[in-house]
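Peer 1: My structure is stored as run-v3.txt, with compact mmCIF, C-alpha atoms and all ligand atoms.
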# COMPACT_ATOMS: atom_id res chain seq x y z
CA MET A 318 40.06 138.55 148.83
CA THR A 319 40.37 137.54 152.48
CA GLU A 320 37.76 136.47 155.03
CA GLU A 321 37.81 140.01 156.41
CA ASP A 322 36.53 141.36 153.07
CA PHE A 323 33.26 139.45 153.53
CA ILE A 324 32.38 141.11 156.81
CA THR A 325 29.94 143.96 156.34
CA HIS A 326 30.22 146.59 159.02
CA ALA A 327 27.18 148.76 158.36
CA HIS A 328 23.76 148.32 156.81
CA PRO A 329 22.26 151.67 155.85
CA THR A 330 18.68 150.38 155.47
CA THR A 331 16.62 148.18 157.77
CA ILE A 332 13.81 146.14 156.26
CA GLU A 333 10.90 144.98 158.43
CA LYS A 334 10.04 141.97 156.28
CA ASP A 335 10.38 140.69 152.75
CA VAL A 336 10.76 137.60 150.58
CA VAL A 337 13.63 136.58 148.29
CA SER A 338 13.86 133.54 146.01
CA SER A 339 16.59 131.84 144.07
CA VAL A 340 17.32 128.75 142.04
CA ALA A 341 20.68 127.00 142.18
CA PRO A 342 21.93 123.94 140.34
CA SER A 343 23.92 120.95 141.50
CA ASN A 344 27.43 120.40 140.08
CA ILE A 345 29.60 117.44 139.15
CA ALA A 346 33.29 117.54 140.01
CA LEU A 347 35.87 116.49 137.42
CA ILE A 348 38.69 116.95 139.93
CA LYS A 349 37.35 115.93 143.32
CA TYR A 350 37.35 117.67 146.68
CA TRP A 351 37.90 115.01 149.34
CA GLY A 352 39.60 116.20 152.51
CA LYS A 353 39.28 119.53 154.30
CA TYR A 354 40.80 121.46 157.20
CA GLY A 355 40.00 124.48 159.36
CA ASN A 356 36.77 126.25 158.57
CA GLN A 357 35.65 124.35 155.46
CA LEU A 358 38.91 124.82 153.55
CA PRO A 359 39.80 122.24 150.88
CA GLU A 360 43.01 120.20 151.01
CA ASN A 361 43.24 120.40 147.21
CA ALA A 362 41.71 122.44 144.43
CA SER A 363 38.72 121.00 142.57
CA VAL A 364 36.85 121.85 139.38
CA SER A 365 33.31 121.00 138.34
CA PHE A 366 30.73 121.40 135.64
CA THR A 367 27.78 123.33 136.99
CA LEU A 368 24.59 121.47 135.99
CA SER A 369 21.24 122.83 134.77
CA ASN A 370 18.30 120.49 135.30
CA CYS A 371 19.21 119.25 138.78
CA HIS A 372 18.45 122.28 140.88
CA THR A 373 16.93 123.56 144.11
CA LYS A 374 14.49 126.46 144.36
CA THR A 375 14.47 128.28 147.66
CA THR A 376 12.22 131.02 148.97
CA LEU A 377 13.38 132.83 152.07
CA SER A 378 10.81 134.92 153.96
CA TYR A 379 12.18 137.09 156.72
CA GLN A 380 10.64 139.21 159.42
CA LYS A 381 12.27 141.37 162.07
CA LYS A 382 12.18 140.02 165.64
CA ASP A 383 13.33 141.15 169.09
CA SER A 384 14.29 137.83 170.69
CA GLU A 385 17.87 136.54 170.84
CA GLY A 386 19.30 133.64 168.84
CA PHE A 387 18.45 132.03 165.52
CA ASP A 388 14.86 131.48 164.55
CA PHE A 389 13.98 129.59 161.39
CA SER A 390 11.68 126.88 160.07
CA VAL A 391 12.33 124.76 156.97
CA PHE A 392 9.89 123.20 154.53
CA LEU A 393 10.61 120.74 151.75
CA ASP A 394 7.87 120.69 149.10
CA ASP A 395 5.66 122.63 151.55
CA ALA A 396 5.95 119.99 154.29
CA PRO A 397 7.93 120.72 157.48
CA ALA A 398 11.46 119.30 157.16
CA PRO A 399 12.90 119.18 160.68
CA SER A 400 15.68 116.82 159.52
CA PHE A 401 17.25 119.80 157.67
CA GLU A 402 17.42 121.91 160.82
CA PRO A 403 20.76 120.72 162.27
CA LYS A 404 22.57 121.37 158.99
CA ILE A 405 21.05 124.85 158.70
CA SER A 406 21.85 125.64 162.35
CA THR A 407 25.49 124.71 161.74
CA PHE A 408 25.43 126.82 158.58
CA PHE A 409 23.98 129.85 160.41
CA GLU A 410 26.53 129.43 163.19
CA ARG A 411 29.37 129.44 160.63
CA ILE A 412 28.11 132.45 158.69
CA LYS A 413 26.81 134.74 161.43
CA GLU A 414 30.07 136.65 161.47
CA TYR A 415 29.48 137.55 157.81
CA ILE A 416 25.69 138.11 157.97
CA PRO A 417 25.45 140.08 161.19
CA PHE A 418 21.68 140.57 161.07
CA LEU A 419 21.04 136.80 161.03
CA GLU A 420 19.89 136.77 164.66
CA LYS A 421 17.64 139.80 164.20
CA TYR A 422 15.14 138.06 161.90
CA SER A 423 12.80 135.06 161.88
CA PHE A 424 13.19 133.05 158.70
CA THR A 425 10.90 130.69 156.86
CA ILE A 426 12.73 128.64 154.26
CA HIS A 427 10.74 126.88 151.55
CA THR A 428 12.76 124.60 149.35
CA THR A 429 12.03 122.22 146.51
CA ASN A 430 14.32 120.07 144.39
CA SER A 431 13.85 119.34 140.69
CA PHE A 432 15.07 115.80 141.38
CA PRO A 433 13.48 113.36 143.83
CA HIS A 434 14.89 113.79 147.34
CA SER A 435 15.46 110.05 147.54
CA SER A 436 17.43 109.94 144.26
CA GLY A 437 20.76 109.82 146.08
CA ILE A 438 21.78 113.03 144.29
CA ALA A 439 23.47 115.33 146.76
CA SER A 440 21.08 118.21 147.36
CA SER A 441 23.52 120.00 149.65
CA ALA A 442 25.39 121.74 146.80
CA SER A 443 22.23 123.12 145.19
CA GLY A 444 20.41 123.65 148.51
CA MET A 445 23.20 125.49 150.27
CA SER A 446 24.04 127.65 147.27
CA ALA A 447 20.38 128.62 146.79
CA LEU A 448 20.06 129.59 150.45
CA ALA A 449 23.39 131.45 150.45
CA LEU A 450 22.32 133.47 147.41
CA CYS A 451 19.01 134.42 149.11
CA LEU A 452 20.89 135.61 152.20
CA VAL A 453 23.32 137.74 150.22
CA ARG A 454 20.42 139.21 148.25
CA MET A 455 18.79 140.10 151.56
CA GLU A 456 22.02 141.80 152.60
CA GLN A 457 22.08 143.69 149.30
CA GLN A 458 18.52 144.91 149.92
CA MET A 459 19.75 146.47 153.15
CA ASN A 460 22.93 147.70 151.57
CA PRO A 461 22.05 148.72 148.01
CA GLN A 462 25.60 149.84 147.22
CA MET A 463 26.79 146.25 147.37
CA ASP A 464 27.85 145.51 143.80
CA GLN A 465 26.92 142.45 141.81
CA ALA A 466 30.44 141.00 141.70
CA LEU A 467 30.59 141.03 145.49
CA VAL A 468 27.11 139.48 145.75
CA THR A 469 28.22 136.58 143.55
CA ARG A 470 31.50 136.07 145.36
CA LYS A 471 29.99 136.31 148.79
CA ALA A 472 27.24 133.85 147.84
CA SER A 473 29.94 131.33 146.92
CA PHE A 474 31.90 132.14 150.08
CA LEU A 475 28.82 131.54 152.28
CA ALA A 476 27.73 128.46 150.31
CA ARG A 477 31.15 126.93 150.99
CA LEU A 478 30.54 127.31 154.71
CA GLY A 479 27.33 125.30 154.27
CA SER A 480 28.86 122.60 152.07
CA GLY A 481 32.23 122.79 150.34
CA SER A 482 31.03 121.70 146.91
CA ALA A 483 28.18 124.28 147.07
CA SER A 484 30.78 127.01 146.49
CA ARG A 485 31.00 125.72 142.90
CA SER A 486 27.26 126.08 142.12
CA ILE A 487 26.89 129.86 142.05
CA GLU A 488 28.51 130.32 138.64
CA GLY A 489 29.18 128.13 135.61
CA PRO A 490 29.79 126.27 133.41
CA LEU A 491 33.20 125.32 134.89
CA VAL A 492 34.13 126.46 138.38
CA VAL A 493 37.35 126.05 140.33
CA TRP A 494 37.38 126.04 144.12
CA GLY A 495 40.66 125.88 146.02
CA LYS A 496 43.91 127.76 145.67
CA HIS A 497 45.95 126.38 142.78
CA PRO A 498 49.28 127.82 141.63
CA LYS A 499 48.35 127.55 137.93
CA ILE A 500 44.87 129.09 138.23
CA GLU A 501 44.86 132.83 138.56
CA GLY A 502 42.40 134.20 141.08
CA SER A 503 41.66 130.77 142.60
CA SER A 504 40.93 130.71 146.32
CA ASN A 505 40.22 128.33 149.18
CA LEU A 506 37.44 130.70 150.26
CA TYR A 507 35.14 130.68 147.19
CA GLY A 508 34.68 129.29 143.72
CA VAL A 509 35.74 131.20 140.59
CA PRO A 510 34.80 130.57 136.96
CA PHE A 511 37.57 128.61 135.19
CA PRO A 512 39.55 131.57 133.83
CA TYR A 513 41.17 130.12 130.68
CA LYS A 514 40.19 129.20 127.16
CA VAL A 515 37.87 126.21 126.85
CA HIS A 516 37.60 124.24 123.59
CA PRO A 517 34.12 124.22 121.95
CA THR A 518 33.92 120.45 122.42
CA PHE A 519 33.24 121.11 126.10
CA GLU A 520 30.33 123.48 125.38
CA ASN A 521 26.96 122.11 126.57
CA PHE A 522 28.80 119.06 127.86
CA GLN A 523 26.31 116.34 128.76
CA ASP A 524 25.87 114.58 132.10
CA THR A 525 23.28 111.83 132.34
CA ILE A 526 22.94 110.66 135.91
CA LEU A 527 22.16 106.98 136.28
CA LEU A 528 20.29 106.37 139.52
CA VAL A 529 21.75 103.10 140.69
CA ASP A 530 20.86 103.45 144.34
CA LYS A 531 18.20 105.84 145.46
CA GLY A 532 18.55 105.28 149.20
CA GLU A 533 20.15 107.56 151.77
CA LYS A 534 23.93 107.56 151.67
CA GLN A 535 25.49 105.03 154.04
CA VAL A 536 28.40 107.33 154.83
CA SER A 537 28.04 111.10 154.68
CA SER A 538 30.55 113.18 152.71
CA THR A 539 31.36 115.07 155.89
CA LEU A 540 32.44 111.84 157.58
CA GLY A 541 34.38 110.80 154.49
CA HIS A 542 36.30 114.10 154.51
CA ASP A 543 37.14 113.53 158.18
CA LEU A 544 38.60 110.13 157.40
CA MET A 545 41.24 111.84 155.24
CA HIS A 546 42.85 113.05 158.48
CA GLY A 547 45.54 110.49 159.20
CA HIS A 548 44.73 108.59 155.98
CA PRO A 549 47.85 106.74 154.75
CA PHE A 550 47.53 108.10 151.20
CA ALA A 551 46.17 111.57 151.96
CA ARG A 552 49.26 113.58 151.00
CA GLN A 553 49.72 111.75 147.70
CA ARG A 554 46.02 112.14 146.93
CA PHE A 555 46.03 115.92 147.47
CA GLU A 556 49.17 116.30 145.34
CA LYS A 557 47.77 114.09 142.60
CA ALA A 558 44.48 116.01 142.49
CA ASN A 559 46.35 119.30 142.08
CA ALA A 560 48.56 117.74 139.38
CA ASN A 561 45.46 116.42 137.61
CA LEU A 562 44.01 119.92 137.63
CA THR A 563 47.22 121.28 136.10
CA ALA A 564 46.95 118.66 133.35
CA LEU A 565 43.26 119.42 132.83
CA ILE A 566 43.98 123.09 132.07
CA SER A 567 45.66 122.25 128.75
CA VAL A 568 43.18 119.46 128.00
CA LEU A 569 40.28 121.89 128.36
CA GLU A 570 42.03 124.25 125.99
CA SER A 571 43.03 121.71 123.34
CA GLY A 572 39.84 119.61 123.45
CA ASP A 573 41.87 116.40 123.86
CA LEU A 574 39.00 114.11 124.84
CA SER A 575 41.07 110.99 125.36
CA GLU A 576 43.23 112.75 127.94
CA PHE A 577 40.07 114.27 129.46
CA ILE A 578 38.59 110.79 129.89
CA HIS A 579 41.78 109.51 131.47
CA ILE A 580 41.89 112.30 134.04
CA VAL A 581 38.18 112.30 134.88
CA GLU A 582 37.77 108.54 135.29
CA SER A 583 40.98 108.29 137.26
CA GLU A 584 39.75 111.05 139.63
CA ALA A 585 36.49 109.17 140.24
CA LEU A 586 38.27 105.90 140.97
CA SER A 587 40.87 107.62 143.18
CA LEU A 588 38.06 109.17 145.23
CA HIS A 589 36.55 105.75 145.84
CA ALA A 590 39.99 104.24 146.45
CA MET A 591 40.37 106.74 149.32
CA MET A 592 37.13 105.41 150.81
CA MET A 593 38.30 101.82 150.46
CA THR A 594 41.62 102.56 152.17
CA SER A 595 40.47 104.74 155.07
CA ARG A 596 39.93 103.48 158.59
CA PRO A 597 37.16 102.49 158.87
CA TYR A 598 37.04 101.56 155.17
CA PHE A 599 33.82 101.54 153.21
CA ILE A 600 32.52 100.94 149.69
CA LEU A 601 29.81 103.14 148.17
CA MET A 602 29.79 101.56 144.72
CA LYS A 603 27.21 98.83 144.13
CA PRO A 604 27.48 95.83 141.79
CA ASN A 605 25.48 97.78 139.19
CA THR A 606 27.90 100.71 139.43
CA LEU A 607 30.68 98.37 138.27
CA GLU A 608 28.48 96.77 135.64
CA ILE A 609 27.73 100.20 134.19
CA ILE A 610 31.41 101.25 134.23
CA ASN A 611 32.40 98.08 132.37
CA ARG A 612 29.67 98.61 129.81
CA ILE A 613 30.73 102.23 129.25
CA TRP A 614 34.28 101.04 128.61
CA ALA A 615 33.09 98.37 126.17
CA PHE A 616 30.80 100.82 124.35
CA ARG A 617 33.58 103.39 124.06
CA LYS A 618 35.93 100.80 122.60
CA LYS A 619 33.34 99.50 120.15
CA THR A 620 32.03 102.86 118.92
CA GLY A 621 35.02 105.19 119.26
CA THR A 622 32.79 107.68 121.09
CA SER A 623 34.16 109.83 123.91
CA VAL A 624 31.72 108.79 126.59
CA CYS A 625 33.15 108.44 130.10
CA PHE A 626 31.97 108.26 133.68
CA THR A 627 32.50 109.96 136.98
CA LEU A 628 31.16 109.23 140.46
CA ASP A 629 30.42 111.33 143.48
CA ALA A 630 30.23 109.97 147.00
CA GLY A 631 27.62 107.35 146.17
CA ALA A 632 26.67 104.53 143.83
CA ASN A 633 25.14 106.64 141.04
CA VAL A 634 27.07 107.00 137.81
CA HIS A 635 27.42 110.32 135.98
CA VAL A 636 27.81 109.60 132.27
CA LEU A 637 29.72 112.45 130.62
CA TYR A 638 29.91 113.05 126.85
CA PRO A 639 30.11 115.85 124.29
CA PHE A 640 26.87 117.35 122.99
CA SER A 641 27.68 116.04 119.48
CA GLU A 642 27.33 112.45 120.75
CA LYS A 643 24.05 112.98 122.55
CA GLU A 644 21.82 110.88 120.31
CA LYS A 645 24.17 107.90 120.19
CA VAL A 646 24.93 107.87 123.89
CA LEU A 647 21.33 108.39 124.97
CA SER A 648 20.19 105.37 122.95
CA PHE A 649 22.97 103.34 124.56
CA ILE A 650 21.81 104.50 127.99
CA LYS A 651 18.15 103.75 127.28
CA GLU A 652 18.77 100.41 125.60
CA GLU A 653 21.54 99.03 127.74
CA LEU A 654 22.44 100.97 130.90
CA SER A 655 18.99 101.84 132.24
CA ALA A 656 18.48 98.15 133.05
CA PHE A 657 21.03 98.61 135.84
CA CYS A 658 19.30 101.66 137.35
CA LYS A 659 16.74 101.49 140.17
CA ASP A 660 13.37 101.46 138.39
CA GLY A 661 15.22 102.26 135.15
CA ALA A 662 15.64 105.88 136.31
CA PHE A 663 18.14 108.39 134.99
CA ILE A 664 18.28 112.19 134.70
CA ILE A 665 19.46 113.96 131.55
CA ASP A 666 21.44 117.05 132.41
CA GLN A 667 24.13 119.28 130.96
CA ALA A 668 26.56 122.03 131.90
CA GLY A 669 24.84 125.26 132.88
CA SER A 670 25.49 128.78 134.00
CA GLY A 671 24.84 128.76 137.75
CA ALA A 672 22.47 130.13 140.36
CA GLN A 673 19.96 132.93 139.78
CA LEU A 674 17.72 135.16 141.81
CA LEU A 675 14.07 134.82 140.89
C1 LIG B 701 32.67 113.54 146.47
O1 LIG B 701 30.74 119.29 149.57
O2 LIG B 701 29.28 117.32 150.14
O3 LIG B 701 31.11 115.21 145.86
O4 LIG B 701 31.84 120.18 152.60
O5 LIG B 701 31.30 118.26 154.09
O6 LIG B 701 29.47 119.38 152.82
P1 LIG B 701 30.94 119.01 152.84
O7 LIG B 701 31.16 117.96 151.67
P2 LIG B 701 30.62 117.96 150.19
O8 LIG B 701 31.68 116.97 149.51
C2 LIG B 701 31.60 116.67 148.14
C3 LIG B 701 32.48 115.57 147.81
C4 LIG B 701 32.40 115.02 146.40
C5 LIG B 701 33.46 115.65 145.51
C6 LIG B 701 33.22 117.03 144.98
O9 LIG B 701 32.07 117.44 144.76
O10 LIG B 701 34.24 117.70 144.74
So that I can check it, write out the structure of this file as structure tokens.
Ligand code: DP6
Peer 2:
Amino acid sequence: MTEEDFITHAHPTTIEKDVVSSVAPSNIALIKYWGKYGNQLPENASVSFTLSNCHTKTTLSYQKKDSEGFDFSVFLDDAPAPSFEPKISTFFERIKEYIPFLEKYSFTIHTTNSFPHSSGIASSASGMSALALCLVRMEQQMNPQMDQALVTRKASFLARLGSGSASRSIEGPLVVWGKHPKIEGSSNLYGVPFPYKVHPTFENFQDTILLVDKGEKQVSSTLGHDLMHGHPFARQRFEKANANLTALISVLESGDLSEFIHIVESEALSLHAMMMTSRPYFILMKPNTLEIINRIWAFRKKTGTSVCFTLDAGANVHVLYPFSEKEKVLSFIKEELSAFCKDGAFIIDQAGSGAQLL
């Protein structure tokens, strides 16, 4: 599909006012998106596990208005959240071509996260995908012929315009975003479910998120993406990410966990290596991030388990492992790793099936 396919030309029904709600999860990338061009288009393809427990619930109330321009107010946990307004304004600006009635309504957006806002977990993927799904549902109410497949795809398309990684939160459990020659149907415009066979070992794959640093990020992802322009290793990084995704296709099929670990950990470290070699350079890992990584490596060696880690653009560590190892790994986390988390905090999560209307 092209961008043109997401423009709706006519809406048969007009609705005076209504309310729509959705819930959308966060996701954790195995192959990372880091670097973009044009209108939120990724420099390389990425793939992630959609999560379950880390999610955002959004309720969008809308009412017809006569004035010009955008009109919305945002609430987080029922309290006004003016700090979210600039991001939502940018989002509305980017999507107005595709949601033509956006300026004809006043919106009230109520949002709540299942994880603490200060946890350092990116809420943009779950937040933007939840809001995008509400808006497409609103469009479907005015255009009842819109079929479900288009609703899903358009939600991912719009979510991407809010935050790139959000395009991977609409469906699950494994979603690819970014055109890749070996992945049929993949697109730079929206996420698609990973289309090939996946070995049962990856079913209900576990992700326990160790909250190393709960503060606000020092460097936003958006700035980090920008620093890939003119980065000395950018080209090699984009090629390597695409090659890693090619390799991951057969690993996901065969269930080869040792190769999986190699690819996933190398992706996480490459992402942070990009940060350390950009200009300006920066480091998001904390001493406890490294301590945890070293302990995961030692535990894996000692026990022969298939536990590994990945990182997003922050200090928190995502501990990934097969469902069959849950008991063993969780005791290891509780007994050893939680000591390196802020206030001992971690979140137990696992792969899930994506966003839903409520
Ligand atoms: C490190 O999707 O947060 O988590 O498109 O600017 O909103 P924007 O960036 P964002 O970047 C996510 C980067 C990452 C890797 C990933 O999720 O693929």
Peer 1: Please find the residues contacting ligand LIG 701 (chain B) at a distance of at most 9 Å between atoms, with all atoms listed in the file counted, and report them as number ranges by chain.
Peer 2: A: 344-353, 357-359, 362-365, 439-442, 477-485, 494, 537-543, 585, 588-589, 628-631
Peer 1: If we count all atoms listed in the file, what is near A:Leu675 at a cut-off of 10 Å, once residues fewer than 4 positions away on the same chain are taken out, given as a list in words?
Peer 2: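 That gives Val337, Ser338, Ser339, Val340, Lys374, Thr375, Thr376 and Cys451 of chain A.
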Peer 1: Please determine, counting all atoms listed in the file, which residue among A:Asn370, A:Ser641, A:Asn561, A:Asn605 has the shortest atom-to-atom distance to A:Gly661.
Peer 2: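 Closest residue, counting all atoms listed in the file: A:Asn605.
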Peer 1: Would you please work out which residue, of A:Tyr598, A:Phe626, A:Phe323, A:Phe616, is nearest to A:Ser648 when using all atoms listed in the file?
Peer 2: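 Closest to A:Ser648 of all the choices is A:Phe616.
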Peer 1: How many Å lie between atom CA of A:Ala656 and atom CA of A:Phe519, rounded to one decimal?
Peer 2: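 These atoms are spaced 28.2 Å apart.
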Peer 1: Could you check the closest approach to A:Ser595 for each of A:Val636, A:Leu544, A:Ala466, A:Leu475 and tell me which residue wins, using only C-alpha atoms?
Peer 2: A:Leu544
Peer 1: What is the atom CA of A:Pro512-atom CA of A:Ile566 distance in Å, reported with one decimal?
Peer 2: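 Atom CA of A:Ile566 lies at a distance of 9.7 Å from atom CA of A:Pro512.
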Peer 1: Quick check, in Å to one decimal: how far apart do atom CA of A:Ser436 and atom CA of A:His635 lie?
Peer 2: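 We find that atom CA of A:Ser436 and atom CA of A:His635 lie 13.0 Å from each other.
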Peer 1: Rank A:Thr525, A:Gly495, A:Leu601, A:Val391 by their smallest atom-to-atom distance to A:Ala558, using only C-alpha atoms, and report the top residue only.
Peer 2: A:Gly495
Peer 1: Using only C-alpha atoms, can you tell me which of A:Ser390, A:Thr428, A:Asn611, A:Ser473 comes closest to A:Cys625?
Peer 2: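 Of all the options, A:Asn611 lies closest to A:Cys625.
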Peer 1: List every protein, DNA or RNA residue that has an atom no more than 10 Å from (9.0, 115.9, 147.7) in the file's coordinate frame, counting all atoms listed in the file, and report them as a list in words.
Peer 2: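 Checking each residue against the 10 Å limit leaves Leu393, Asp394, Asp395, Ala396, Thr428, Thr429, Asn430, Ser431, Phe432, Pro433, His434 and Ser435 of chain A.
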Peer 1: I want to know what sits within 8 Å of A:Ser571, based on all atoms listed in the file, with residues of the same chain fewer than 3 positions away left out; could you give that as a PDB file with C-alpha atoms, keeping the file's coordinate frame?
Peer 2:
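Below you can see around_10.pdb, which holds the result:
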ATOM      1  CA  VAL A 515      37.870 126.210 126.850  1.00  0.00           C
ATOM      2  CA  HIS A 516      37.600 124.240 123.590  1.00  0.00           C
ATOM      3  CA  SER A 567      45.660 122.250 128.750  1.00  0.00           C
ATOM      4  CA  VAL A 568      43.180 119.460 128.000  1.00  0.00           C
TER       5      VAL A 568
END
